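Read the structure below first, then the notes.
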Amino acid sequence: MLSVLCSHPDIKTDGVLLLAPTGKATVRLLESMGEEGKGFTALNVAKFLVRSKRFDFSDMRYILSDEKFADVPDTVIIDESSMLTEEMFGALMQSLKRAKRIIFVGDPNQLPPIGAGRPFVDLVYMVKMNLKPGFPKVCEHYGELTVNHRQKADEVRMDVRLSRLFTSTEERPGDYVITDILRDGNPNIEFEQWSTREELEEKLLSIMAREIGMKNVEDQEGFDRALGAEFGEYGTFFNVGAAKQADKWQILAPVIKCQVYMYKKFYIKMYTYSVVLI
């Protein structure tokens, strides 16, 4: 979608700056542009803000200041905007005052940033106040994608239905989706119960160990192998190819959120915690 937008002569001629909160997201954003992205500048937010002295690498701190604006093209696209903290958002707004258009792209249903505030979510709720019911979901300054391309259009996946219980922009299913999954089972969903924080930690570690092929939670060598490590005469080492294995990992930030469901006198607690996926 962004590549189509940037192919418009009025936008492409004046240049485009691509930004994202992380280096990995920046690379993926540029790759998604394909041929249209050739000649565009792509940076992570921190590196961009260094130019206007609004990020300090020595203490990894974003800075609000009266320094000069950054020299930017007319169009700036910021991907993965749900990861922006208040400090990042404020520093960006100060630096991008010369831009004619700033396009924030992201999913307000994703986990919040590691830091204060959720400015992207606040921005979405503010600009979509004039959104009318029906299709397309478009109003001034706002557009919402509604077609899910990650699953087949005619496929009804229970794990996708379950995830919609925690969204604010998609049609929310009834709580019966929980009982359906418990009754029929699902290969992509596993329910676990716990009573104490210590029991939760133990379950998270044991599940992670099982999923990545460790012998047990103390199997340091198995954990290192999952990250791409190799072992030789002089101990553990990571060669150039280790990055491909490490790239399979994704660390999700914690969010304080709990929904409790009751099913046949059993309480099912659904928390979103720090989880490591492979």
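Going by the structure tokens order, chains are called A, B, ..., each with residues numbered from 1, while ligands are numbered from 1 in the order shown.
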Using DSSP on the backbone coordinates, identify all residues within stretch 95-212 of chain A classified as helix (DSSP H, G or I); present the result as a ChimeraX atom specification.
-> /A:95,119-130,158-166,176-184,197-211
Store the residues picked out above in a file with C-alpha atoms, as a PDB file, in the first residue's frame.
```pdb
ATOM      1  CA  SER A  95      12.260  17.513  14.220  1.00  0.00           C
ATOM      2  CA  PRO A 119       0.607   8.419  21.560  1.00  0.00           C
ATOM      3  CA  PHE A 120      -0.267   6.496  18.390  1.00  0.00           C
ATOM      4  CA  VAL A 121      -3.375   4.992  19.993  1.00  0.00           C
ATOM      5  CA  ASP A 122      -4.410   8.440  21.275  1.00  0.00           C
ATOM      6  CA  LEU A 123      -3.863   9.887  17.803  1.00  0.00           C
ATOM      7  CA  VAL A 124      -5.960   7.158  16.165  1.00  0.00           C
ATOM      8  CA  TYR A 125      -8.884   7.719  18.533  1.00  0.00           C
ATOM      9  CA  MET A 126      -8.695  11.470  18.006  1.00  0.00           C
ATOM     10  CA  VAL A 127      -8.682  11.486  14.194  1.00  0.00           C
ATOM     11  CA  LYS A 128     -11.262   8.687  13.720  1.00  0.00           C
ATOM     12  CA  MET A 129     -13.992  10.491  15.679  1.00  0.00           C
ATOM     13  CA  ASN A 130     -15.709  11.393  12.393  1.00  0.00           C
ATOM     14  CA  MET A 158     -10.215 -20.067  16.149  1.00  0.00           C
ATOM     15  CA  ASP A 159      -6.927 -18.486  17.188  1.00  0.00           C
ATOM     16  CA  VAL A 160      -7.730 -15.429  15.044  1.00  0.00           C
ATOM     17  CA  ARG A 161     -11.203 -15.231  16.579  1.00  0.00           C
ATOM     18  CA  LEU A 162      -9.670 -15.449  20.039  1.00  0.00           C
ATOM     19  CA  SER A 163      -7.251 -12.614  19.293  1.00  0.00           C
ATOM     20  CA  ARG A 164     -10.160 -10.331  18.387  1.00  0.00           C
ATOM     21  CA  LEU A 165     -11.319 -10.404  22.001  1.00  0.00           C
ATOM     22  CA  PHE A 166      -8.393  -8.086  22.706  1.00  0.00           C
ATOM     23  CA  TYR A 176     -18.272 -18.295  23.709  1.00  0.00           C
ATOM     24  CA  VAL A 177     -15.135 -18.533  21.571  1.00  0.00           C
ATOM     25  CA  ILE A 178     -13.331 -19.601  24.767  1.00  0.00           C
ATOM     26  CA  THR A 179     -15.706 -22.490  25.430  1.00  0.00           C
ATOM     27  CA  ASP A 180     -15.528 -23.536  21.762  1.00  0.00           C
ATOM     28  CA  ILE A 181     -11.748 -23.821  21.938  1.00  0.00           C
ATOM     29  CA  LEU A 182     -11.822 -25.681  25.252  1.00  0.00           C
ATOM     30  CA  ARG A 183     -14.375 -28.114  23.851  1.00  0.00           C
ATOM     31  CA  ASP A 184     -12.859 -28.739  20.424  1.00  0.00           C
ATOM     32  CA  ARG A 197       3.500 -15.497  40.267  1.00  0.00           C
ATOM     33  CA  GLU A 198       6.168 -18.136  40.925  1.00  0.00           C
ATOM     34  CA  GLU A 199       4.020 -20.807  39.272  1.00  0.00           C
ATOM     35  CA  LEU A 200       3.505 -18.554  36.238  1.00  0.00           C
ATOM     36  CA  GLU A 201       7.252 -18.001  35.876  1.00  0.00           C
ATOM     37  CA  GLU A 202       7.888 -21.737  36.143  1.00  0.00           C
ATOM     38  CA  LYS A 203       5.298 -22.469  33.454  1.00  0.00           C
ATOM     39  CA  LEU A 204       6.686 -19.835  31.064  1.00  0.00           C
ATOM     40  CA  LEU A 205      10.205 -21.231  31.369  1.00  0.00           C
ATOM     41  CA  SER A 206       9.144 -24.861  30.987  1.00  0.00           C
ATOM     42  CA  ILE A 207       6.958 -24.104  27.946  1.00  0.00           C
ATOM     43  CA  MET A 208       9.769 -22.134  26.303  1.00  0.00           C
ATOM     44  CA  ALA A 209      12.220 -24.957  26.949  1.00  0.00           C
ATOM     45  CA  ARG A 210       9.841 -27.478  25.391  1.00  0.00           C
ATOM     46  CA  GLU A 211       9.060 -25.331  22.346  1.00  0.00           C
TER      47      GLU A 211
END
```
Which one of A:Leu30, A:Ala20, A:Leu84, A:Leu64 sits closest to A:Asn44 if you count only C-alpha atoms?
->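 Closest to A:Asn44 of all the choices is A:Ala20.
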Please report as CSV every residue of stretch 35-135 of chain A lying within 12 Å of stretch 4-9 of chain A, along with the nearest atom pair and their distance in Å (one decimal), using only C-alpha atoms.
```
residue,atom,partner,partner_atom,distance
A:Glu35,CA,A:Ser7,CA,9.5
A:Glu36,CA,A:Ser7,CA,6.2
A:Gly37,CA,A:Cys6,CA,8.1
A:Lys38,CA,A:Cys6,CA,10.9
A:Gly39,CA,A:Cys6,CA,11.7
A:Phe40,CA,A:Cys6,CA,9.9
A:Asp74,CA,A:Cys6,CA,11.6
A:Thr75,CA,A:Cys6,CA,9.0
A:Val76,CA,A:Cys6,CA,10.5
A:Ile77,CA,A:Cys6,CA,9.8
A:Ile103,CA,A:Leu5,CA,10.8
```
For the residues selected in the previous step, produce a file with N, CA and C atoms as a compact mmCIF listing (two decimals), in the first residue's frame.
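Saved to again34.txt:
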```
# COMPACT_ATOMS: atom_id res chain seq x y z
N GLU A 35 10.86 -1.63 -5.81
CA GLU A 35 11.51 -0.71 -6.74
C GLU A 35 11.21 0.74 -6.41
N GLU A 36 10.04 1.00 -5.84
CA GLU A 36 9.68 2.38 -5.51
C GLU A 36 10.56 2.95 -4.40
N GLY A 37 11.18 2.07 -3.59
CA GLY A 37 11.99 2.54 -2.48
C GLY A 37 13.40 2.94 -2.84
N LYS A 38 13.79 2.69 -4.07
CA LYS A 38 15.15 3.06 -4.48
C LYS A 38 15.33 4.57 -4.45
N GLY A 39 16.35 5.00 -3.74
CA GLY A 39 16.60 6.43 -3.61
C GLY A 39 16.01 7.05 -2.37
N PHE A 40 15.12 6.30 -1.66
CA PHE A 40 14.55 6.82 -0.43
C PHE A 40 15.54 6.63 0.72
N ASP A 74 9.56 16.28 1.69
CA ASP A 74 8.17 16.68 1.94
C ASP A 74 7.35 15.60 2.65
N THR A 75 7.64 14.32 2.35
CA THR A 75 6.84 13.22 2.89
C THR A 75 7.68 12.37 3.83
N VAL A 76 7.14 12.11 5.02
CA VAL A 76 7.79 11.25 6.01
C VAL A 76 6.81 10.16 6.40
N ILE A 77 7.25 8.91 6.31
CA ILE A 77 6.43 7.76 6.70
C ILE A 77 7.06 7.10 7.92
N ILE A 103 3.03 10.57 7.71
CA ILE A 103 2.11 9.43 7.66
C ILE A 103 2.52 8.42 8.73
```
